[in-house]
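K.L.:
Please find protein_33.txt (compact mmCIF, C-alpha atoms) on the next line:
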```txt
# COMPACT_ATOMS: atom_id res chain seq x y z
CA MET A 1 -21.35 -20.01 -35.10
CA ASN A 2 -21.56 -16.48 -36.50
CA LEU A 3 -18.72 -13.97 -36.22
CA MET A 4 -20.24 -12.01 -33.31
CA LEU A 5 -20.74 -15.19 -31.31
CA GLN A 6 -17.18 -16.29 -32.08
CA VAL A 7 -15.89 -12.97 -30.79
CA THR A 8 -17.98 -13.29 -27.63
CA PHE A 9 -16.84 -16.87 -27.13
CA LEU A 10 -13.18 -16.07 -27.68
CA GLY A 11 -13.44 -12.98 -25.50
CA LEU A 12 -14.70 -15.10 -22.61
CA LEU A 13 -12.00 -17.67 -23.29
CA SER A 14 -9.43 -14.88 -23.23
CA LEU A 15 -10.52 -13.68 -19.80
CA LEU A 16 -10.56 -17.15 -18.29
CA VAL A 17 -7.52 -18.71 -19.94
CA GLN A 18 -5.26 -15.71 -19.39
CA GLY A 19 -6.06 -16.19 -15.72
CA TRP A 20 -4.73 -19.74 -16.06
CA VAL A 21 -1.56 -18.64 -17.77
CA GLN A 22 -0.84 -15.82 -15.33
CA ASN A 23 -1.76 -17.69 -12.14
CA ARG A 24 1.42 -18.97 -10.52
CA SER A 25 -0.42 -21.82 -8.88
CA LEU A 26 -1.15 -23.29 -12.34
CA GLN A 27 2.25 -22.79 -13.95
CA SER A 28 4.51 -25.59 -15.09
CA GLU A 29 5.58 -26.85 -11.66
CA ARG A 30 1.94 -27.65 -10.87
CA TRP A 31 0.70 -29.06 -14.22
CA SER A 32 1.59 -32.60 -13.13
CA GLN A 33 -0.86 -32.32 -10.21
CA LEU A 34 -3.84 -31.68 -12.48
CA ASP A 35 -6.03 -34.09 -14.41
CA LEU A 36 -5.66 -32.06 -17.57
CA PRO A 37 -8.22 -33.78 -19.87
CA GLN A 38 -10.83 -33.67 -17.10
CA ASN A 39 -10.15 -30.03 -16.28
CA ARG A 40 -10.29 -29.16 -19.97
CA GLU A 41 -13.69 -30.83 -20.27
CA LEU A 42 -14.98 -29.05 -17.17
CA PHE A 43 -13.74 -25.76 -18.55
CA LEU A 44 -15.40 -26.20 -21.93
CA SER A 45 -18.60 -27.50 -20.32
CA ALA A 46 -18.75 -24.41 -18.14
CA LEU A 47 -18.55 -22.20 -21.21
CA GLN A 48 -21.22 -24.23 -22.99
CA ASN A 49 -23.52 -23.97 -19.96
CA TYR A 50 -22.92 -20.23 -19.78
CA PHE A 51 -24.19 -19.69 -23.32
CA SER A 52 -26.96 -22.31 -23.05
CA SER A 53 -28.41 -20.45 -20.05
CA ARG A 54 -28.78 -17.48 -22.40
CA GLY A 55 -30.50 -19.48 -25.15
CA ILE A 56 -27.36 -19.81 -27.30
CA HIS A 57 -26.24 -23.25 -28.42
CA ILE A 58 -22.59 -23.78 -29.31
CA GLU A 59 -20.57 -26.82 -30.22
CA LYS A 60 -17.56 -27.56 -28.10
CA ALA A 61 -14.55 -25.93 -29.70
CA ALA A 62 -11.19 -27.59 -30.09
CA PRO A 63 -8.97 -27.03 -27.06
CA ALA A 64 -7.33 -23.65 -27.41
CA PHE A 65 -5.44 -20.96 -25.59
CA VAL A 66 -6.49 -17.39 -26.34
CA LEU A 67 -3.52 -15.17 -25.62
CA SER A 68 -2.61 -11.53 -25.78
CA THR A 69 0.36 -10.61 -27.95
CA ARG A 70 2.65 -10.10 -24.97
CA ASN A 71 1.90 -13.66 -23.72
CA ARG A 72 2.56 -15.37 -27.06
CA ASN A 73 5.93 -16.81 -26.08
CA GLN A 74 4.53 -18.02 -22.78
CA GLY A 75 1.64 -19.64 -24.63
CA ASP A 76 4.03 -21.53 -26.92
CA GLN A 77 5.89 -22.81 -23.87
CA GLU A 78 2.69 -23.90 -22.11
CA GLU A 79 1.57 -25.72 -25.25
CA ARG A 80 4.82 -27.69 -25.46
CA GLU A 81 4.49 -28.68 -21.82
CA LEU A 82 0.87 -29.78 -22.19
CA MET A 83 1.75 -31.94 -25.22
CA ALA A 84 4.57 -33.71 -23.38
CA PRO A 85 3.64 -37.29 -22.37
CA GLU A 86 4.52 -36.73 -18.71
CA ARG A 87 2.21 -33.66 -18.65
CA GLY A 88 -0.87 -35.36 -20.04
CA GLY A 89 -0.04 -35.81 -23.70
CA LEU A 90 -2.74 -33.54 -25.12
CA SER A 91 -3.04 -33.06 -28.86
CA GLU A 92 -1.77 -29.86 -30.41
CA LEU A 93 -3.59 -26.77 -29.18
CA ALA A 94 -4.70 -23.87 -31.32
CA LEU A 95 -3.24 -20.55 -30.19
CA HIS A 96 -5.47 -17.57 -30.91
CA GLU A 97 -3.49 -14.36 -30.63
CA ILE A 98 -5.43 -11.17 -29.87
CA LEU A 99 -3.81 -7.82 -30.48
CA LEU A 100 -4.21 -5.55 -27.49
CA VAL A 101 -5.67 -2.09 -28.00
CA LYS A 102 -3.25 0.62 -26.92
CA ASP A 103 -4.45 3.29 -24.54
CA LEU A 104 -3.25 6.46 -26.24
CA GLY A 105 -4.22 8.52 -23.20
CA HIS A 106 -2.50 6.41 -20.57
CA GLY A 107 -0.83 8.31 -17.76
CA GLU A 108 2.33 7.87 -15.78
CA ASN A 109 2.49 4.52 -13.92
CA GLU A 110 -0.34 3.18 -16.13
CA GLU A 111 -0.09 0.34 -18.65
CA GLU A 112 0.16 1.16 -22.34
CA LYS A 113 -2.73 -1.16 -23.16
CA ILE A 114 -6.33 -0.54 -22.14
CA SER A 115 -6.63 -2.34 -18.82
CA SER A 116 -8.72 -2.49 -15.69
CA SER A 117 -5.69 -1.61 -13.57
CA SER A 118 -5.37 1.72 -15.38
CA ILE A 119 -9.06 2.40 -14.84
CA ARG A 120 -8.67 1.68 -11.14
CA GLN A 121 -5.72 4.08 -10.95
CA ARG A 122 -7.83 6.83 -12.52
CA LEU A 123 -10.44 6.35 -9.80
CA LEU A 124 -7.88 7.23 -7.13
CA GLY A 125 -8.75 10.60 -5.63
CA THR A 126 -12.27 10.64 -7.09
CA LEU A 127 -15.55 10.32 -5.22
CA LEU A 128 -16.48 6.62 -5.20
CA GLN A 129 -19.81 7.00 -3.38
CA LEU A 130 -21.94 9.94 -2.35
CA PRO A 131 -21.64 11.03 1.30
CA GLN A 132 -24.78 10.72 3.40
CA LYS A 133 -25.78 14.13 4.72
CA ASP A 134 -26.53 14.41 8.43
CA PRO A 135 -28.81 17.40 9.15
CA ALA A 136 -27.49 17.50 12.72
CA GLN A 137 -23.89 17.92 11.56
CA PRO A 138 -22.62 21.47 10.93
CA SER A 139 -21.68 22.07 7.30
CA ARG A 140 -18.53 23.97 8.31
CA PRO A 141 -15.86 23.08 8.76
CA TYR A 142 -16.23 20.31 6.20
CA VAL A 143 -14.53 17.39 7.93
CA ILE A 144 -12.51 14.70 6.15
CA GLY A 145 -11.69 11.58 8.13
CA LEU A 146 -8.39 10.26 6.78
CA THR A 147 -7.69 6.65 7.72
CA GLY A 148 -5.54 3.73 6.64
CA GLY A 149 -3.62 0.77 7.95
CA THR A 150 -0.09 0.87 9.28
CA GLY A 151 2.40 1.49 6.48
CA SER A 152 -0.26 2.94 4.19
CA GLY A 153 1.29 6.42 3.90
CA LYS A 154 -1.62 8.11 5.65
CA SER A 155 0.55 10.70 7.36
CA SER A 156 2.20 11.80 4.10
CA ILE A 157 -1.25 12.38 2.58
CA ALA A 158 -2.25 14.36 5.67
CA ARG A 159 0.77 16.63 5.23
CA HIS A 160 -0.12 17.21 1.56
CA LEU A 161 -3.65 18.20 2.54
CA GLU A 162 -2.36 20.54 5.22
CA ARG A 163 -0.15 22.28 2.65
CA LEU A 164 -3.18 22.69 0.40
CA GLY A 165 -5.02 24.56 3.15
CA ALA A 166 -6.74 21.98 5.33
CA PHE A 167 -6.79 22.39 9.10
CA LEU A 168 -5.10 19.20 10.29
CA ILE A 169 -5.98 17.44 13.54
CA ASP A 170 -3.62 14.58 14.34
CA VAL A 171 -5.98 12.36 16.32
CA ASP A 172 -3.30 9.71 16.75
CA LYS A 173 -1.20 12.37 18.51
CA LEU A 174 -4.17 13.22 20.73
CA GLY A 175 -4.21 9.56 21.70
CA HIS A 176 -0.62 9.86 22.92
CA GLU A 177 -1.61 12.93 24.95
CA ALA A 178 -4.47 11.00 26.51
CA TYR A 179 -2.00 8.36 27.75
CA ALA A 180 0.56 10.89 29.06
CA PRO A 181 0.96 11.48 32.82
CA GLY A 182 -1.77 13.90 33.83
CA GLY A 183 -3.69 13.08 30.62
CA PRO A 184 -7.41 12.31 30.83
CA ALA A 185 -6.97 8.54 30.36
CA TYR A 186 -3.71 8.01 32.26
CA GLU A 187 -4.94 7.15 35.75
CA GLN A 188 -7.70 4.81 34.58
CA VAL A 189 -5.37 2.90 32.23
CA VAL A 190 -2.74 2.42 34.96
CA GLU A 191 -5.40 1.33 37.43
CA GLU A 192 -6.82 -1.21 34.97
CA PHE A 193 -3.58 -2.67 33.59
CA GLY A 194 -1.17 -2.27 36.49
CA LYS A 195 1.92 -0.25 37.29
CA ASP A 196 4.15 -2.72 35.44
CA ILE A 197 3.17 -0.91 32.22
CA LEU A 198 5.03 2.21 33.43
CA ASN A 199 8.51 3.33 32.49
CA GLU A 200 10.86 4.66 35.16
CA ASP A 201 9.76 8.23 34.40
CA GLY A 202 6.11 7.32 34.99
CA THR A 203 5.07 7.32 31.33
CA ILE A 204 3.07 4.41 29.94
CA ASN A 205 5.18 1.95 27.99
CA ARG A 206 2.93 1.43 24.99
CA LYS A 207 4.80 -1.71 23.89
CA ILE A 208 4.19 -3.41 27.24
CA LEU A 209 0.58 -2.24 27.23
CA GLY A 210 0.18 -3.45 23.66
CA ALA A 211 1.52 -6.88 24.57
CA LYS A 212 -1.13 -7.15 27.29
CA VAL A 213 -4.00 -6.59 24.86
CA PHE A 214 -2.68 -8.01 21.57
CA GLY A 215 -4.69 -11.07 20.60
CA ASN A 216 -6.97 -10.68 23.61
CA GLN A 217 -10.21 -9.12 22.41
CA GLU A 218 -11.65 -8.76 25.90
CA ARG A 219 -8.65 -6.84 27.25
CA LEU A 220 -8.40 -4.79 24.05
CA LYS A 221 -12.03 -3.75 24.39
CA CYS A 222 -11.38 -2.81 28.00
CA LEU A 223 -8.60 -0.48 26.85
CA THR A 224 -10.54 1.07 23.98
CA ASP A 225 -13.56 1.60 26.22
CA ILE A 226 -11.31 3.78 28.37
CA VAL A 227 -9.37 5.73 25.76
CA TRP A 228 -11.66 6.07 22.73
CA PRO A 229 -14.33 8.22 24.43
CA VAL A 230 -11.57 10.43 25.84
CA ILE A 231 -9.91 10.85 22.42
CA ALA A 232 -13.29 11.55 20.78
CA LYS A 233 -13.95 14.31 23.32
CA MET A 234 -10.51 15.85 22.67
CA THR A 235 -11.12 15.69 18.91
CA LYS A 236 -14.51 17.39 19.13
CA ARG A 237 -12.94 20.14 21.19
CA GLN A 238 -10.39 20.79 18.43
CA LEU A 239 -13.13 20.70 15.78
CA LYS A 240 -14.95 23.43 17.69
CA GLU A 241 -11.75 25.48 17.76
CA ALA A 242 -11.42 25.04 13.99
CA ALA A 243 -15.02 26.21 13.53
CA ASP A 244 -14.41 29.24 15.76
CA GLN A 245 -11.40 30.14 13.60
CA GLY A 246 -13.56 29.95 10.45
CA LYS A 247 -11.74 26.96 8.94
CA VAL A 248 -13.46 25.62 5.83
CA VAL A 249 -11.92 22.14 5.61
CA CYS A 250 -10.66 20.07 8.52
CA VAL A 251 -8.82 16.75 8.19
CA LEU A 252 -8.82 14.21 11.00
CA ASP A 253 -5.71 12.03 10.67
CA VAL A 254 -6.90 8.94 12.54
CA ALA A 255 -5.96 5.29 12.13
CA VAL A 256 -8.96 3.88 14.02
CA LEU A 257 -11.65 6.11 12.50
CA LEU A 258 -13.78 3.17 11.37
CA GLU A 259 -13.02 0.80 14.25
CA ALA A 260 -13.93 3.46 16.84
CA GLY A 261 -17.15 4.38 15.03
CA TRP A 262 -16.19 8.05 14.64
CA THR A 263 -17.65 8.48 11.17
CA ASP A 264 -20.41 10.61 12.72
CA MET A 265 -17.77 13.31 13.22
CA VAL A 266 -16.83 13.53 9.52
CA HIS A 267 -18.53 14.37 6.23
CA GLU A 268 -16.34 12.07 4.13
CA VAL A 269 -14.01 9.14 4.77
CA TRP A 270 -10.75 9.16 2.81
CA MET A 271 -8.51 6.12 2.83
CA ALA A 272 -4.78 5.72 2.28
CA SER A 273 -3.80 2.37 0.83
CA VAL A 274 -0.90 0.29 -0.49
CA PRO A 275 -0.67 -3.40 -1.42
CA GLU A 276 0.04 -5.66 1.55
CA LYS A 277 3.50 -6.57 0.25
CA GLU A 278 4.54 -2.90 0.23
CA ALA A 279 3.00 -2.28 3.65
CA LEU A 280 4.99 -5.21 5.05
CA ARG A 281 8.20 -3.86 3.54
CA ARG A 282 7.60 -0.42 5.07
CA ILE A 283 6.74 -1.75 8.53
CA VAL A 284 9.81 -4.01 8.64
CA ALA A 285 12.08 -1.14 7.53
CA ARG A 286 10.50 1.47 9.81
CA ASP A 287 9.89 -0.50 13.01
CA GLY A 288 12.57 -3.17 12.80
CA LEU A 289 10.02 -5.97 13.06
CA SER A 290 10.30 -9.41 11.54
CA GLU A 291 8.10 -10.03 8.50
CA GLU A 292 5.93 -12.39 10.57
CA ALA A 293 5.42 -9.77 13.30
CA ALA A 294 4.62 -7.14 10.67
CA ARG A 295 2.09 -9.46 9.03
CA ASN A 296 0.44 -10.19 12.40
CA ARG A 297 0.10 -6.45 12.97
CA LEU A 298 -1.55 -5.97 9.58
CA GLN A 299 -3.90 -8.91 10.10
CA SER A 300 -5.06 -7.48 13.42
CA GLN A 301 -6.40 -4.42 11.57
CA LEU A 302 -9.30 -3.94 9.20
CA SER A 303 -8.67 -5.33 5.74
CA THR A 304 -8.32 -3.12 2.67
CA THR A 305 -11.70 -4.35 1.43
CA GLN A 306 -13.41 -3.46 4.71
CA ARG A 307 -11.97 0.05 4.55
CA VAL A 308 -12.70 0.62 0.85
CA THR A 309 -16.37 -0.29 1.23
CA GLN A 310 -16.73 2.43 3.88
CA SER A 311 -14.64 5.09 2.12
CA HIS A 312 -15.70 7.89 -0.20
CA VAL A 313 -12.23 8.58 -1.61
CA VAL A 314 -9.30 6.17 -1.92
CA LEU A 315 -5.68 7.24 -2.39
CA CYS A 316 -2.61 5.07 -2.99
CA THR A 317 0.97 5.88 -1.97
CA LEU A 318 2.60 2.97 -3.83
CA TRP A 319 4.47 5.09 -6.35
CA GLU A 320 6.90 7.99 -6.09
CA PRO A 321 5.91 10.98 -3.86
CA GLU A 322 5.07 13.09 -6.90
CA ALA A 323 2.38 10.58 -7.92
CA THR A 324 0.85 10.74 -4.43
CA GLN A 325 0.91 14.52 -4.55
CA LYS A 326 -0.94 14.55 -7.88
CA GLN A 327 -3.63 12.25 -6.46
CA VAL A 328 -4.08 14.45 -3.41
CA GLU A 329 -4.23 17.61 -5.52
CA LYS A 330 -6.89 16.01 -7.73
CA ALA A 331 -8.89 14.89 -4.70
CA TRP A 332 -8.58 18.37 -3.14
CA ALA A 333 -9.74 20.12 -6.33
CA LEU A 334 -12.77 17.83 -6.62
CA LEU A 335 -13.53 18.40 -2.92
CA GLN A 336 -13.52 22.16 -3.46
CA GLN A 337 -16.11 21.70 -6.22
CA ARG A 338 -18.34 19.64 -3.92
CA ILE A 339 -18.05 22.17 -1.12
CA ALA A 340 -18.92 25.04 -3.48
CA GLN A 341 -22.11 23.21 -4.47
CA ASP A 342 -23.03 22.39 -0.87
```
Turn the structure described in the file into structure tokens.

P.N.:
Amino acid sequence: MNLMLQVTFLGLLSLLVQGWVQNRSLQSERWSQLDLPQNRELFLSALQNYFSSRGIHIEKAAPAFVLSTRNRNQGDQEERELMAPERGGLSELALHEILLVKDLGHGENEEEKISSSSIRQRLLGTLLQLPQKDPAQPSRPYVIGLTGGTGSGKSSIARHLERLGAFLIDVDKLGHEAYAPGGPAYEQVVEEFGKDILNEDGTINRKILGAKVFGNQERLKCLTDIVWPVIAKMTKRQLKEAADQGKVVCVLDVAVLLEAGWTDMVHEVWMASVPEKEALRRIVARDGLSEEAARNRLQSQLSTTQRVTQSHVVLCTLWEPEATQKQVEKAWALLQQRIAQD
């Protein structure tokens, strides 16, 4: 096998085996549940088939772990466990150590080595896909639909954008107005769901109403069929006011932008996001819910993947507020360039 092929082979081994080492489900407490010799053979056969399909013949290499420098100690430990009789009694493994290339231009909150996670962080705030232009939609104001799941930090991003000069429309707040006594959706909601959803002062108790529709798709659709058209009408009215005032950029802060199908009102969809673990922590701390209740709330919403595939710009509020602000400022600056070219 020539040097280039060895590098390719070891590079592929590195990607696959590091996944083994770093995957908790395959760490020491689970080794005893695996047929190690059989899994090793399957692994090496898969690699051989990969190269054979590309017209390259290789001999099966000796069993080996290919490890980055920072995983060397972990690799030594895994080797000792694999060689132990109760763990399968494999012969000594070769450990190939690969020095990681340092990323001299890495930013704050990024890894020192060149990594895909750092690349993903640099994509935050940038345009991930080109917006589709609708000839029927006015070019001004340029409307950003800002969405995100509960606990995503959407509202903090909205405030940053407002400070930068965007005209902010809190669509979630309009929803509350629609439910208020005398609001455009109040009477119909009470008629449909009963007076037991009312507080003593006549306002709709949203927790009681929510309990009536949670987990019941038919009742939920009945509610959204009442309130979503009303909220959309209220939003369009505010967009017209923004246009009359000569606003250049308008941001719709709206949790259900995608679910309600309101993307026809915006030029771009921006998404606020955090990992599920952080969202759970925030919901529990903010709303006093149990972790199970918080998880059920998250699972009732669109997934991160579903939102990302429909978004033009993604922002993450995982880190300190200053990091979020930098992302928003970058996204705003790039938006200004796009608008100037429009």

K.L.:
Between A:Ala272, A:Val248, A:Ala294, A:Leu280, which one has atoms that come closest to Ala340 of chain A, using all atoms listed in the file?

P.N.:
A:Val248

K.L.:
Using only C-alpha atoms, can you tell me which of A:Leu298, A:Ala136, A:Leu124, A:Ile157 comes closest to Gln325 of chain A?

P.N.:
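Closest residue, counting only C-alpha atoms: A:Ile157.
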
K.L.:
Using Å and a single decimal, report how far atom CA of Glu177 of chain A sits from atom CA of Trp270 of chain A.

P.N.:
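Separating atom CA of Trp270 of chain A from atom CA of Glu177 of chain A is a distance of 24.2 Å.
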
K.L.:
Can you tell me which residues surround segment 211-217 of chain A at a distance of at most 12 Å, considering only C-alpha atoms, apart from same-chain residues fewer than 3 positions away, and format the answer as a ChimeraX atom specification?

P.N.:
/A:189,192-194,196-197,205-208,220-225,293,296-297,299-301

K.L.:
Just checking: using only C-alpha atoms, which residue out of A:Ala285, A:Met271, A:Ala243, A:Leu164 ends up closest to Gln336 of chain A?

P.N.:
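For Gln336 of chain A, the nearest of the given residues is A:Leu164.
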
K.L.:
Quick check, in Å to one decimal: how far apart do atom CA of Thr126 of chain A and atom CA of Leu334 of chain A lie?

P.N.:
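Interatomic distance here is 7.2 Å.
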
K.L.:
What lies within 12 Å of Asp264 of chain A using all atoms listed in the file, ignoring chain neighbours under 5 positions off, as a PDB file with C-alpha atoms, in the frame of the given file?

P.N.:
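So the final result, stored in out_32.pdb, reads:
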```
ATOM      1  CA  PRO A 131     -21.640  11.030   1.300  1.00  0.00           C
ATOM      2  CA  GLN A 132     -24.780  10.720   3.400  1.00  0.00           C
ATOM      3  CA  LYS A 133     -25.780  14.130   4.720  1.00  0.00           C
ATOM      4  CA  ASP A 134     -26.530  14.410   8.430  1.00  0.00           C
ATOM      5  CA  PRO A 135     -28.810  17.400   9.150  1.00  0.00           C
ATOM      6  CA  ALA A 136     -27.490  17.500  12.720  1.00  0.00           C
ATOM      7  CA  GLN A 137     -23.890  17.920  11.560  1.00  0.00           C
ATOM      8  CA  PRO A 138     -22.620  21.470  10.930  1.00  0.00           C
ATOM      9  CA  VAL A 143     -14.530  17.390   7.930  1.00  0.00           C
ATOM     10  CA  ILE A 144     -12.510  14.700   6.150  1.00  0.00           C
ATOM     11  CA  GLY A 145     -11.690  11.580   8.130  1.00  0.00           C
ATOM     12  CA  ALA A 232     -13.290  11.550  20.780  1.00  0.00           C
ATOM     13  CA  LYS A 236     -14.510  17.390  19.130  1.00  0.00           C
ATOM     14  CA  LEU A 257     -11.650   6.110  12.500  1.00  0.00           C
ATOM     15  CA  LEU A 258     -13.780   3.170  11.370  1.00  0.00           C
ATOM     16  CA  VAL A 269     -14.010   9.140   4.770  1.00  0.00           C
TER      17      VAL A 269
END
```

K.L.:
Let me make sure I understand: among A:His312, A:Arg307, A:Arg286, A:Lys240, which one has the smallest atom-to-atom distance to Pro141 of chain A if we use only C-alpha atoms?

P.N.:
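Looking at the shortest contact to Pro141 of chain A, the residue is A:Lys240.
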
K.L.:
For the atom pair atom CA of Pro275 of chain A and atom CA of Ser303 of chain A, what is the interatomic distance in Å to one decimal place?

P.N.:
10.9 Å

K.L.:
Mind checking which residues fall within 10 Å of Ala242 of chain A, counting all atoms listed in the file, ignoring those fewer than 3 positions away in the same chain, and posting them as number ranges by chain?

P.N.:
A: 140-141, 167-169, 236-239, 245-250

K.L.:
With distances taken over only C-alpha atoms, which of A:Asp170, A:Glu200, A:Glu292, A:Glu278 is nearest to Trp319 of chain A?

P.N.:
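Of A:Asp170, A:Glu200, A:Glu292, A:Glu278, the one nearest Trp319 of chain A is A:Glu278, counting only C-alpha atoms.
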
K.L.:
Which residues are close to segment 313-315 of chain A, i.e. within 12 Å by only C-alpha atoms, leaving aside same-chain residues fewer than 3 positions away? Reply as a VMD selection string.

P.N.:
chain A and resid 120 to 131 144 to 148 152 to 154 156 to 158 267 to 275 304 to 305 307 to 310 318 to 319 323 to 332 334 to 335

K.L.:
The selected residues should be written to file as a PDB file, in the frame of the given file (atoms: C-alpha atoms).

P.N.:
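What follows is the written file again38.pdb:
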```
ATOM      1  CA  ARG A 120      -8.670   1.680 -11.140  1.00  0.00           C
ATOM      2  CA  GLN A 121      -5.720   4.080 -10.950  1.00  0.00           C
ATOM      3  CA  ARG A 122      -7.830   6.830 -12.520  1.00  0.00           C
ATOM      4  CA  LEU A 123     -10.440   6.350  -9.800  1.00  0.00           C
ATOM      5  CA  LEU A 124      -7.880   7.230  -7.130  1.00  0.00           C
ATOM      6  CA  GLY A 125      -8.750  10.600  -5.630  1.00  0.00           C
ATOM      7  CA  THR A 126     -12.270  10.640  -7.090  1.00  0.00           C
ATOM      8  CA  LEU A 127     -15.550  10.320  -5.220  1.00  0.00           C
ATOM      9  CA  LEU A 128     -16.480   6.620  -5.200  1.00  0.00           C
ATOM     10  CA  GLN A 129     -19.810   7.000  -3.380  1.00  0.00           C
ATOM     11  CA  LEU A 130     -21.940   9.940  -2.350  1.00  0.00           C
ATOM     12  CA  PRO A 131     -21.640  11.030   1.300  1.00  0.00           C
ATOM     13  CA  ILE A 144     -12.510  14.700   6.150  1.00  0.00           C
ATOM     14  CA  GLY A 145     -11.690  11.580   8.130  1.00  0.00           C
ATOM     15  CA  LEU A 146      -8.390  10.260   6.780  1.00  0.00           C
ATOM     16  CA  THR A 147      -7.690   6.650   7.720  1.00  0.00           C
ATOM     17  CA  GLY A 148      -5.540   3.730   6.640  1.00  0.00           C
ATOM     18  CA  SER A 152      -0.260   2.940   4.190  1.00  0.00           C
ATOM     19  CA  GLY A 153       1.290   6.420   3.900  1.00  0.00           C
ATOM     20  CA  LYS A 154      -1.620   8.110   5.650  1.00  0.00           C
ATOM     21  CA  SER A 156       2.200  11.800   4.100  1.00  0.00           C
ATOM     22  CA  ILE A 157      -1.250  12.380   2.580  1.00  0.00           C
ATOM     23  CA  ALA A 158      -2.250  14.360   5.670  1.00  0.00           C
ATOM     24  CA  HIS A 267     -18.530  14.370   6.230  1.00  0.00           C
ATOM     25  CA  GLU A 268     -16.340  12.070   4.130  1.00  0.00           C
ATOM     26  CA  VAL A 269     -14.010   9.140   4.770  1.00  0.00           C
ATOM     27  CA  TRP A 270     -10.750   9.160   2.810  1.00  0.00           C
ATOM     28  CA  MET A 271      -8.510   6.120   2.830  1.00  0.00           C
ATOM     29  CA  ALA A 272      -4.780   5.720   2.280  1.00  0.00           C
ATOM     30  CA  SER A 273      -3.800   2.370   0.830  1.00  0.00           C
ATOM     31  CA  VAL A 274      -0.900   0.290  -0.490  1.00  0.00           C
ATOM     32  CA  PRO A 275      -0.670  -3.400  -1.420  1.00  0.00           C
ATOM     33  CA  THR A 304      -8.320  -3.120   2.670  1.00  0.00           C
ATOM     34  CA  THR A 305     -11.700  -4.350   1.430  1.00  0.00           C
ATOM     35  CA  ARG A 307     -11.970   0.050   4.550  1.00  0.00           C
ATOM     36  CA  VAL A 308     -12.700   0.620   0.850  1.00  0.00           C
ATOM     37  CA  THR A 309     -16.370  -0.290   1.230  1.00  0.00           C
ATOM     38  CA  GLN A 310     -16.730   2.430   3.880  1.00  0.00           C
ATOM     39  CA  LEU A 318       2.600   2.970  -3.830  1.00  0.00           C
ATOM     40  CA  TRP A 319       4.470   5.090  -6.350  1.00  0.00           C
ATOM     41  CA  ALA A 323       2.380  10.580  -7.920  1.00  0.00           C
ATOM     42  CA  THR A 324       0.850  10.740  -4.430  1.00  0.00           C
ATOM     43  CA  GLN A 325       0.910  14.520  -4.550  1.00  0.00           C
ATOM     44  CA  LYS A 326      -0.940  14.550  -7.880  1.00  0.00           C
ATOM     45  CA  GLN A 327      -3.630  12.250  -6.460  1.00  0.00           C
ATOM     46  CA  VAL A 328      -4.080  14.450  -3.410  1.00  0.00           C
ATOM     47  CA  GLU A 329      -4.230  17.610  -5.520  1.00  0.00           C
ATOM     48  CA  LYS A 330      -6.890  16.010  -7.730  1.00  0.00           C
ATOM     49  CA  ALA A 331      -8.890  14.890  -4.700  1.00  0.00           C
ATOM     50  CA  TRP A 332      -8.580  18.370  -3.140  1.00  0.00           C
ATOM     51  CA  LEU A 334     -12.770  17.830  -6.620  1.00  0.00           C
ATOM     52  CA  LEU A 335     -13.530  18.400  -2.920  1.00  0.00           C
TER      53      LEU A 335
END
```

K.L.:
My list of candidates is A:Asp201, A:Glu162, A:Asp244, A:Glu291. Which is closest to Lys277 of chain A when distances are computed with all atoms listed in the file?

P.N.:
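Ranked by minimum distance to Lys277 of chain A, first place goes to A:Glu291.
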